[in-house]
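Student: Pasting in a structure now, in structure tokens, and then I'll have a few things to ask.
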Amino acid sequence: MGKILVTGCAGYIGSVATDLFLKNGYAIVGVDNFQTGYRLVIEVLKNKYKNFSFYERDLKDNLDDIFQKEKDIKIVVHYAASCMVDESMKDPQKYFSNNVCGSLNLLNTMLKFNVKKIVFSSTCAVYGETQYTPVDENHPKNPINPYGESKRMVEKIIEWYGKLLGLNYFILRYFNVCGASDDGEIGDSKKPSVLLVQNAVRGALGIEKFYLTCPKVDTPDNTPIRDYINVVDLNEAHLLAVEKLLKEDNIFEIINLGTGSGNSVLEIVSKVEEITGKKIDRVFGKTRAGEYAKIYASIEKAKKVLGWQPKRTIEDSVKSLIAWYQKHPNGWEK
């Protein structure tokens, strides 16, 4: 079967993914620099599974020894990235350095060791302001923040490497990710988190004060509309992409991952209140920069190419987060 190299395996989405891949019998080689990931989740995964090896490494560093030592890496699933829109507006250097230079070094090392299959975590931020909804993969790409631009740059590098160097790929563009693993054992630890559902649940549980940081926009309730996809659903799509790449060649696909519908910020807050039975104060904090009014995905291509569609509802995501934060009110400690 060979091994899967997972970058960013100590972060939120990458750790839920690593757990899912290991649960499905894959051998995983994990890489993380702990810039935003957590050591404790690595210990949890090591204790839970035997076929997991881990390297603390920055992707901008030399990665040759990992590929030399782990002889049977067949495919890379690349989650590692700096991913906060607001921070990218303040510190664009960090985003181009981590996301573009790190990815380029990873891709070049893969090719050096003849690993020519990758699943890349991209983002709906590559589209920028929506010209129509639902957003399909052909929608114009016009990022309005350095985070989206950095991801688009990596997409282009992967596309050129596909055309010229035989790299096979799935580029998966995420919409807004929420939830924890179904058992509530692995979840989001970022503090502060920029993810609405997580913050609303923490606010409802009294872990920390909830602030609305969204700009006033042209939607029915004047708050941004987003497509909130459960983190396990999202990673099940990655698993299907890995399985397809391992079986087939000549795959060069870009696919949106969302639910196919949108909720406004205030709708999500109301939903969390309803499920938790707690009132959340609607206190406005500092407005985030680089945000847009409305975006949600067309998931027709994901259904057709991967045979995937989301199974979990917003309620499922909120309930898994409640379970996660009740056990880990402060997330994983560093």
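Following the order of the structure tokens, first chain is A, next is B, and so on, with residues numbered from 1 inside each chain and ligands from 1 in the order they appear.
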Would you return as a PyMOL selection string the members of stretch 19-107 of chain A that DSSP assigns to strand (DSSP E or B) on this structure's backbone?
Tutor: chain A and resi 27-32+52-56+73-78
Student: The selected residues should be written to file as a PDB file, in the first residue's frame (atoms: N, CA and C atoms).
Tutor:
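Wrote it out as again-v7.pdb, contents follow:
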```
ATOM      1  N   ALA A  27      -0.432   3.655   6.589  1.00  0.00           N
ATOM      2  CA  ALA A  27       0.769   4.037   7.342  1.00  0.00           C
ATOM      3  C   ALA A  27       1.042   5.511   7.050  1.00  0.00           C
ATOM      4  N   ILE A  28       1.221   6.299   8.104  1.00  0.00           N
ATOM      5  CA  ILE A  28       1.360   7.752   7.952  1.00  0.00           C
ATOM      6  C   ILE A  28       2.724   8.221   8.428  1.00  0.00           C
ATOM      7  N   VAL A  29       3.341   9.065   7.617  1.00  0.00           N
ATOM      8  CA  VAL A  29       4.540   9.801   8.009  1.00  0.00           C
ATOM      9  C   VAL A  29       4.091  11.247   8.196  1.00  0.00           C
ATOM     10  N   GLY A  30       4.122  11.720   9.426  1.00  0.00           N
ATOM     11  CA  GLY A  30       3.637  13.071   9.721  1.00  0.00           C
ATOM     12  C   GLY A  30       4.771  14.071   9.818  1.00  0.00           C
ATOM     13  N   VAL A  31       4.511  15.293   9.355  1.00  0.00           N
ATOM     14  CA  VAL A  31       5.481  16.390   9.449  1.00  0.00           C
ATOM     15  C   VAL A  31       4.762  17.634   9.958  1.00  0.00           C
ATOM     16  N   ASP A  32       5.355  18.307  10.940  1.00  0.00           N
ATOM     17  CA  ASP A  32       4.788  19.569  11.434  1.00  0.00           C
ATOM     18  C   ASP A  32       5.895  20.355  12.114  1.00  0.00           C
ATOM     19  N   PHE A  52       2.446   5.007  12.638  1.00  0.00           N
ATOM     20  CA  PHE A  52       2.560   6.464  12.549  1.00  0.00           C
ATOM     21  C   PHE A  52       3.959   6.887  12.966  1.00  0.00           C
ATOM     22  N   SER A  53       4.696   7.495  12.037  1.00  0.00           N
ATOM     23  CA  SER A  53       5.996   8.075  12.412  1.00  0.00           C
ATOM     24  C   SER A  53       5.923   9.590  12.203  1.00  0.00           C
ATOM     25  N   PHE A  54       6.686  10.322  12.991  1.00  0.00           N
ATOM     26  CA  PHE A  54       6.549  11.788  12.993  1.00  0.00           C
ATOM     27  C   PHE A  54       7.904  12.476  12.949  1.00  0.00           C
ATOM     28  N   TYR A  55       7.959  13.588  12.188  1.00  0.00           N
ATOM     29  CA  TYR A  55       9.168  14.416  12.097  1.00  0.00           C
ATOM     30  C   TYR A  55       8.805  15.868  12.380  1.00  0.00           C
ATOM     31  N   GLU A  56       9.512  16.455  13.326  1.00  0.00           N
ATOM     32  CA  GLU A  56       9.329  17.899  13.564  1.00  0.00           C
ATOM     33  C   GLU A  56      10.209  18.637  12.561  1.00  0.00           C
ATOM     34  N   ILE A  73       7.194   6.135   0.602  1.00  0.00           N
ATOM     35  CA  ILE A  73       6.178   7.200   0.504  1.00  0.00           C
ATOM     36  C   ILE A  73       5.630   7.202  -0.925  1.00  0.00           C
ATOM     37  N   LYS A  74       4.328   7.011  -1.036  1.00  0.00           N
ATOM     38  CA  LYS A  74       3.694   6.935  -2.357  1.00  0.00           C
ATOM     39  C   LYS A  74       2.963   8.223  -2.729  1.00  0.00           C
ATOM     40  N   ILE A  75       2.566   8.990  -1.695  1.00  0.00           N
ATOM     41  CA  ILE A  75       1.691  10.132  -1.949  1.00  0.00           C
ATOM     42  C   ILE A  75       1.834  11.119  -0.792  1.00  0.00           C
ATOM     43  N   VAL A  76       1.638  12.398  -1.090  1.00  0.00           N
ATOM     44  CA  VAL A  76       1.697  13.444  -0.062  1.00  0.00           C
ATOM     45  C   VAL A  76       0.329  14.103   0.045  1.00  0.00           C
ATOM     46  N   VAL A  77      -0.129  14.292   1.282  1.00  0.00           N
ATOM     47  CA  VAL A  77      -1.331  15.093   1.534  1.00  0.00           C
ATOM     48  C   VAL A  77      -0.851  16.335   2.276  1.00  0.00           C
ATOM     49  N   HIS A  78      -0.959  17.483   1.608  1.00  0.00           N
ATOM     50  CA  HIS A  78      -0.280  18.704   2.060  1.00  0.00           C
ATOM     51  C   HIS A  78      -1.269  19.698   2.675  1.00  0.00           C
TER      52      HIS A  78
END
```
Student: Please provide the set of residues having any atom within 10 Å of A:Lys244, restricted to only C-alpha atoms, with same-chain residues fewer than 6 positions apart removed, written as a list in words.
Tutor: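 In the requested form, the answer reads Phe170, His238, Ile251, Val305 and Leu306 of chain A.
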Student: May I have the selected residues written with C-alpha atoms, as a compact mmCIF listing (two decimals), in the first residue's frame?
Tutor:
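Dumped everything to part.txt:
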```
# COMPACT_ATOMS: atom_id res chain seq x y z
CA PHE A 170 -6.05 16.72 -6.53
CA HIS A 238 -9.23 13.60 0.99
CA ILE A 251 -5.16 12.71 -12.56
CA VAL A 305 -15.28 12.76 -9.69
CA LEU A 306 -14.86 11.54 -6.10
```
Student: Kindly indicate which residue among A:Ile322, A:Val231, A:Leu59, A:Leu22 lies nearest to A:Leu104, using only C-alpha atoms for the distances.
Tutor: A:Leu59
Student: If you count only C-alpha atoms, which residues fall within 7 Å of A:Leu321, apart from same-chain ones fewer than 4 positions away, as a list in words?
Tutor: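 Result of the neighbour search: Gly179, Ala180, Gly184, Gln198, Ser317 and Tyr325 of chain A.
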Student: Please list as a short mmCIF file (atom, residue, chain, number, x, y, z; two decimals) with N, CA and C atoms, in the first residue's frame every residue within 9 Å of A:Asn145, counting only C-alpha atoms and excluding residues in the same chain fewer than 6 positions away.
Tutor:
```
data_model
loop_
_atom_site.label_atom_id
_atom_site.label_comp_id
_atom_site.auth_asym_id
_atom_site.auth_seq_id
_atom_site.Cartn_x
_atom_site.Cartn_y
_atom_site.Cartn_z
N VAL A 85 -6.84 34.81 7.28
CA VAL A 85 -7.00 35.90 6.31
C VAL A 85 -6.54 37.24 6.90
N ASP A 86 -7.02 37.55 8.09
CA ASP A 86 -6.73 38.84 8.71
C ASP A 86 -5.22 39.00 8.93
N SER A 88 -2.88 37.56 7.29
CA SER A 88 -2.18 37.68 6.00
C SER A 88 -2.19 39.12 5.48
N MET A 89 -3.19 39.89 5.87
CA MET A 89 -3.23 41.31 5.47
C MET A 89 -2.18 42.13 6.24
N PRO A 92 2.02 39.83 5.13
CA PRO A 92 2.04 39.06 3.88
C PRO A 92 3.32 38.25 3.69
N ALA A 125 -10.76 31.02 -0.86
CA ALA A 125 -10.21 32.39 -0.89
C ALA A 125 -9.53 32.69 -2.23
N VAL A 126 -9.24 31.66 -3.04
CA VAL A 126 -8.65 31.92 -4.37
C VAL A 126 -9.65 32.62 -5.29
N GLY A 128 -11.94 35.04 -4.38
CA GLY A 128 -12.21 36.45 -4.06
C GLY A 128 -13.70 36.72 -4.03
N ALA A 289 -10.14 42.32 8.36
CA ALA A 289 -9.89 42.83 7.01
C ALA A 289 -9.87 41.68 6.01
N GLY A 290 -10.10 41.99 4.72
CA GLY A 290 -9.94 41.00 3.65
C GLY A 290 -11.13 40.07 3.50
N GLU A 291 -12.29 40.44 4.08
CA GLU A 291 -13.48 39.57 4.01
C GLU A 291 -14.41 40.02 2.88
#
```
Student: Which is closer to A:Glu129 than all the others in A:Ala293, A:Val6, A:Val242, A:Ala200, using only C-alpha atoms?
Tutor: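 So, comparing all the options, the nearest one is A:Ala293.
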Student: For a quick check of understanding, using only C-alpha atoms, which of A:Leu20, A:Ile275, A:Ile280, A:Met84 has the smallest distance to A:Lys209?
Tutor: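 Comparing A:Leu20, A:Ile275, A:Ile280, A:Met84 against A:Lys209, the winner is A:Ile280.
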Student: With only C-alpha atoms as the basis for distance, which of A:Ser320, A:Asn51, A:Ser261, A:Thr313 is at the shortest distance from A:Thr133?
Tutor: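 Counting only C-alpha atoms, the residue closest to A:Thr133 is A:Ser261.
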Student: Compile the contact shell of A:Phe34 as a PyMOL selection string: residues with an atom at most 9 Å away, counting only C-alpha atoms, same-chain residues fewer than 2 positions apart removed.
Tutor: chain A and resi 8+10-11+32+36-39+56-58+334
Student: If we count only C-alpha atoms and set the cut-off at 9 Å, which residues sit around A:Cys83, ignoring sequence neighbours fewer than 6 positions away in its own chain? Please answer as an MDAnalysis selection string.
Tutor: chainID A and resid 95 99 147:148
Student: Between A:Lys117, A:Arg282, A:Arg202, A:Lys60, single out the one closest to A:Gly162, counting only C-alpha atoms.
Tutor: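 Of A:Lys117, A:Arg282, A:Arg202, A:Lys60, the one nearest A:Gly162, counting only C-alpha atoms, is A:Lys117.
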Student: So that I can see what lies close to A:Leu164, please list as a list in words the residues with an atom at most 12 Å from it, counting only C-alpha atoms and leaving out residues fewer than 5 positions away in the same chain.
Tutor: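 Those residues are Leu111, Lys116, Ile157, Ile158 and Glu159 of chain A.
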Student: Counting only C-alpha atoms, which of A:Tyr132, A:Trp308, A:Phe67, A:Tyr49 gets nearest to A:Leu257?
Tutor: A:Trp308
Student: Write down as a PyMOL selection string the residues belonging to stretch 65-300 of chain A that are assigned alpha helix (DSSP H) by DSSP computed on the backbone.
Tutor: chain A and resi 65-69+85-90+92-95+102-112+146-165+196-204+231-247+265-276+300
